[in-house]
Amino acid sequence: MTRIFSGVKPTGHLTLGNYLGAVRRWAEIDQHGADALFCVVDLHALTVEHDPARVHRLSRQAASVLLAAGLDPKLCTVFVQSHVDEHTRLSYLLECTATDGEMRRMIQYKEKAAQERARGGSVRLSLLTYPVLMAADILAYRTEEVPVGDDQTQHVELTRDLAERFNQRYGHTFVVPRATHPPVAARVMDLQSPLSKMGKSHTATGGIVYLLDDADVVRKKIMRAVTDSGQDVEYDRERRPGVANLLDVLAACEGGDPEELAGAYRSYGALKKDTAEAVVELLRPLRERHAELVADPGYVDEVLRAGAERARKLARPVVDRAYRAVGL
Ligand code: ADP
């Protein structure tokens with residue numbers, strides 16, 4: 001069985017981007033006989049200014065959203081990163097494998113560090129080393145495939161480089177994983193500023209659709225999406241990024257091709273209306289299931305406890321072996 005690992009950061013409420021780029025596929029993978037682990041990567045939420053109570057609350061909420069999205073804990077392992085010490089143990093060995101130059105080249109580091117500085121804040125060292133911890137998350141489970149959105153491509157490449165370098169220096173220890181992306185909507189853009197990614201930790205602009213938004217809120221956000229002053233519905237990511245984003249979202253919801261869908265529309269208004277309804281329908285079962293889970297917090301706790309126990313069992317021998325390989 002193919003070993004699969006992926007995660008989500010509890011830095012905010014999960015978005016339509018998280019769902020279309022990653023979480024929806026996790027639920028499909030789960031049904032197809034893979035051996036998959038899905039993780040709420042809470043340590044990553046500490047790389048920027050954070051509020052302890054909020055991170056705690058959002059971690060649990062992220063876990064229940066994953067279950068509501070269809071992850072079945074009988075078929076896959078759902079757990080919280082900080083419940084399994086092996087991640088940080090392995091991360092240190094990988095810090096001794098990576099170089100500082102490699103870290104400073106990471107696009108997300110450059111962007112997020114610039115944002116922190118612009119706010120007058122300081123940049124936590126963990127923001128720089130975050131991709132190494134992510135590599136540890138993946139490598140500790142001998143992962144073969146990492147289903148993610150486009151924005152994580154560079155980090156998975158780094159993970160591959162570190163695995164290969166470690167294996168070469170210290171003997172074969174890690175499986176070299178590869179990233180997989182959805183065919184459409186691998187990068188959902190902010191509805192109000194379609195040149196930036198829809199990111200859960202971005203300051204809310206009204207351009208972010210959250211998975212737990214009420215149907216009417218979803219409709220409003222999509223109907224107000226920024227397009228351009230043109231009229232023609234065509235799929236052109238450079239010239240019409242807002243329209244292309246709506247077509248991507250609609251295609252991802254309905255399972256079509258965004259370029260072909262464009263031909264079916266004569267106005268932006270009609271495209272927005274259909275996209276809004278498609279998203280509302282797509283998210284309806286998730287919202288309903290989430291409401292049931294909120295009423296049963298003991299169930300989520302038990303899933304996370306059993307998930308961490310299984311994850312520990314898998315990761316410990318891999319990480320122990322890596323410690324022996326480097327001479328400890
Ligand atoms: P965020 O940027 O929302 O904090 P995470 O780092 O928690 O996202 O990512 C969780 C998963 O969701 C990753 O696989 C990531 O690639 C995917 N993802 C995040 N934002 C988007 C987006 N706008 N479009 C597509 N996929 C996304």
# chains A, B, ... in the order shown; residues from 1 in each chain; ligands from 1
$ residues_near_ligand --ligand "ligand 1" --cutoff "8 Å" --atoms "only C-alpha atoms and all ligand atoms" --output "PyMOL selection string"
chain A and resi 6-12+14-23+41+147-153+185-190+197-201
$ residues_around --residues "segment 83-86 of chain A" --least-positions-apart "3" --cutoff "9 Å" --atoms "only C-alpha atoms" --output "PyMOL selection string"
chain A and resi 79-80+89-91+136-137+140+304-305+308-309+311-312+315-316+319-320
$ residues_around --residues "Lys221 of chain A" --least-positions-apart "4" --cutoff "8 Å" --atoms "only C-alpha atoms" --output "ChimeraX atom specification"
/A:191,206-209,217,225
$ residues_around --residues "Asn167 of chain A" --least-positions-apart "3" --cutoff "12 Å" --atoms "only C-alpha atoms" --output "PyMOL selection string"
chain A and resi 94+97+139+160-164+170-176+321-322+325-326
$ write_last_selection --atoms "C-alpha atoms" --output "compact mmCIF listing (two decimals), in the first residue's frame"
# COMPACT_ATOMS: atom_id res chain seq x y z
CA LEU A 94 17.71 17.22 9.33
CA THR A 97 21.76 17.96 7.01
CA LEU A 139 10.28 11.43 6.22
CA ARG A 160 13.55 15.08 -1.37
CA ASP A 161 16.97 16.75 -1.40
CA LEU A 162 17.43 16.23 2.34
CA ALA A 163 16.36 12.56 2.14
CA GLU A 164 18.77 11.89 -0.72
CA TYR A 170 24.73 7.82 6.29
CA GLY A 171 23.30 4.88 4.38
CA HIS A 172 19.79 4.25 3.14
CA THR A 173 17.37 5.46 5.82
CA PHE A 174 14.57 7.46 4.19
CA VAL A 175 12.14 6.92 1.34
CA VAL A 176 12.35 9.82 -1.13
CA ARG A 321 17.48 4.24 12.89
CA ALA A 322 18.37 7.76 11.70
CA ALA A 325 23.02 6.17 11.30
CA VAL A 326 24.54 9.56 12.25
$ closest_residue --among "A:Leu71, A:Ala278, A:Ala114, A:Ala262" --to "Arg240 of chain A" --atoms "only C-alpha atoms"
A:Ala262
$ select_by_dssp --residues "segment 21-128 of chain A" --states "helix (DSSP H, G or I)" --output "ChimeraX atom specification"
/A:21-31,42-47,52-68,81-83,86-95,100-104,107-118,125-128
$ write_last_selection --atoms "C-alpha atoms" --output "short mmCIF file (atom, residue, chain, number, x, y, z; two decimals), in the first residue's frame"
data_model
loop_
_atom_site.label_atom_id
_atom_site.label_comp_id
_atom_site.auth_asym_id
_atom_site.auth_seq_id
_atom_site.Cartn_x
_atom_site.Cartn_y
_atom_site.Cartn_z
CA GLY A 21 -5.96 21.98 -3.11
CA ALA A 22 -5.57 19.27 -0.52
CA VAL A 23 -8.23 18.06 1.92
CA ARG A 24 -10.81 16.92 -0.62
CA ARG A 25 -8.24 14.63 -2.21
CA TRP A 26 -7.21 13.30 1.18
CA ALA A 27 -10.74 12.03 1.68
CA GLU A 28 -10.67 10.34 -1.76
CA ILE A 29 -7.24 8.75 -1.18
CA ASP A 30 -8.53 7.47 2.10
CA GLN A 31 -11.25 5.49 0.32
CA ASP A 42 0.38 22.61 15.26
CA LEU A 43 4.11 23.19 15.81
CA HIS A 44 4.17 25.03 12.49
CA ALA A 45 1.60 27.47 13.85
CA LEU A 46 4.21 28.72 16.33
CA THR A 47 6.52 30.05 13.63
CA PRO A 52 -1.80 29.96 22.80
CA ALA A 53 -5.53 29.54 23.47
CA ARG A 54 -6.38 30.23 19.83
CA VAL A 55 -3.85 27.73 18.46
CA HIS A 56 -5.22 25.10 20.83
CA ARG A 57 -8.80 25.78 19.75
CA LEU A 58 -7.93 25.89 16.05
CA SER A 59 -6.03 22.58 16.23
CA ARG A 60 -9.08 20.78 17.51
CA GLN A 61 -11.28 22.57 15.03
CA ALA A 62 -8.97 21.61 12.13
CA ALA A 63 -9.13 17.97 13.24
CA SER A 64 -12.93 18.01 13.31
CA VAL A 65 -13.07 19.72 9.91
CA LEU A 66 -10.85 16.96 8.47
CA LEU A 67 -13.21 14.33 9.85
CA ALA A 68 -16.22 16.29 8.61
CA GLN A 81 1.89 16.77 15.28
CA SER A 82 2.88 17.84 18.81
CA HIS A 83 1.47 14.59 20.23
CA GLU A 86 9.49 11.93 16.75
CA HIS A 87 8.84 14.95 14.51
CA THR A 88 11.05 17.30 16.54
CA ARG A 89 13.63 14.57 17.22
CA LEU A 90 14.07 13.99 13.52
CA SER A 91 13.93 17.67 12.67
CA TYR A 92 17.20 18.26 14.55
CA LEU A 93 19.02 15.63 12.51
CA LEU A 94 17.71 17.22 9.33
CA GLU A 95 18.86 20.66 10.53
CA ASP A 100 21.28 27.97 5.94
CA GLY A 101 21.53 29.09 2.29
CA GLU A 102 18.99 26.47 1.29
CA MET A 103 16.58 27.72 3.94
CA ARG A 104 16.96 31.37 3.00
CA ILE A 107 9.94 31.55 -1.26
CA GLN A 108 7.47 31.22 1.63
CA TYR A 109 10.18 32.19 4.12
CA LYS A 110 11.05 35.30 2.13
CA GLU A 111 7.40 36.34 1.82
CA LYS A 112 6.42 35.66 5.42
CA ALA A 113 9.58 37.18 6.88
CA ALA A 114 8.93 40.34 4.83
CA GLN A 115 5.34 40.47 6.14
CA GLU A 116 6.49 40.10 9.76
CA ARG A 117 9.08 42.86 9.31
CA ALA A 118 6.55 45.14 7.60
CA LEU A 125 14.13 31.46 13.88
CA SER A 126 11.56 28.66 13.50
CA LEU A 127 10.11 30.45 10.46
CA LEU A 128 13.46 29.87 8.74
#
$ closest_residue --among "A:Thr180, A:Thr2, A:Ser193, A:Thr159" --to "Asp228 of chain A" --atoms "only C-alpha atoms"
A:Ser193
$ residues_around --residues "Ala270 of chain A" --least-positions-apart "4" --cutoff "12 Å" --atoms "only C-alpha atoms" --output "PyMOL selection string"
chain A and resi 222-223+231-233+243+246-247+250+262+264-266+274-277
$ closest_residue --among "A:Val132, A:Leu286, A:Val48, A:Met106" --to "Ala215 of chain A" --atoms "only C-alpha atoms"
A:Leu286
$ atom_distance --atom1 "atom CA of Gly307 of chain A" --atom2 "atom CA of Val78 of chain A"
5.2 Å
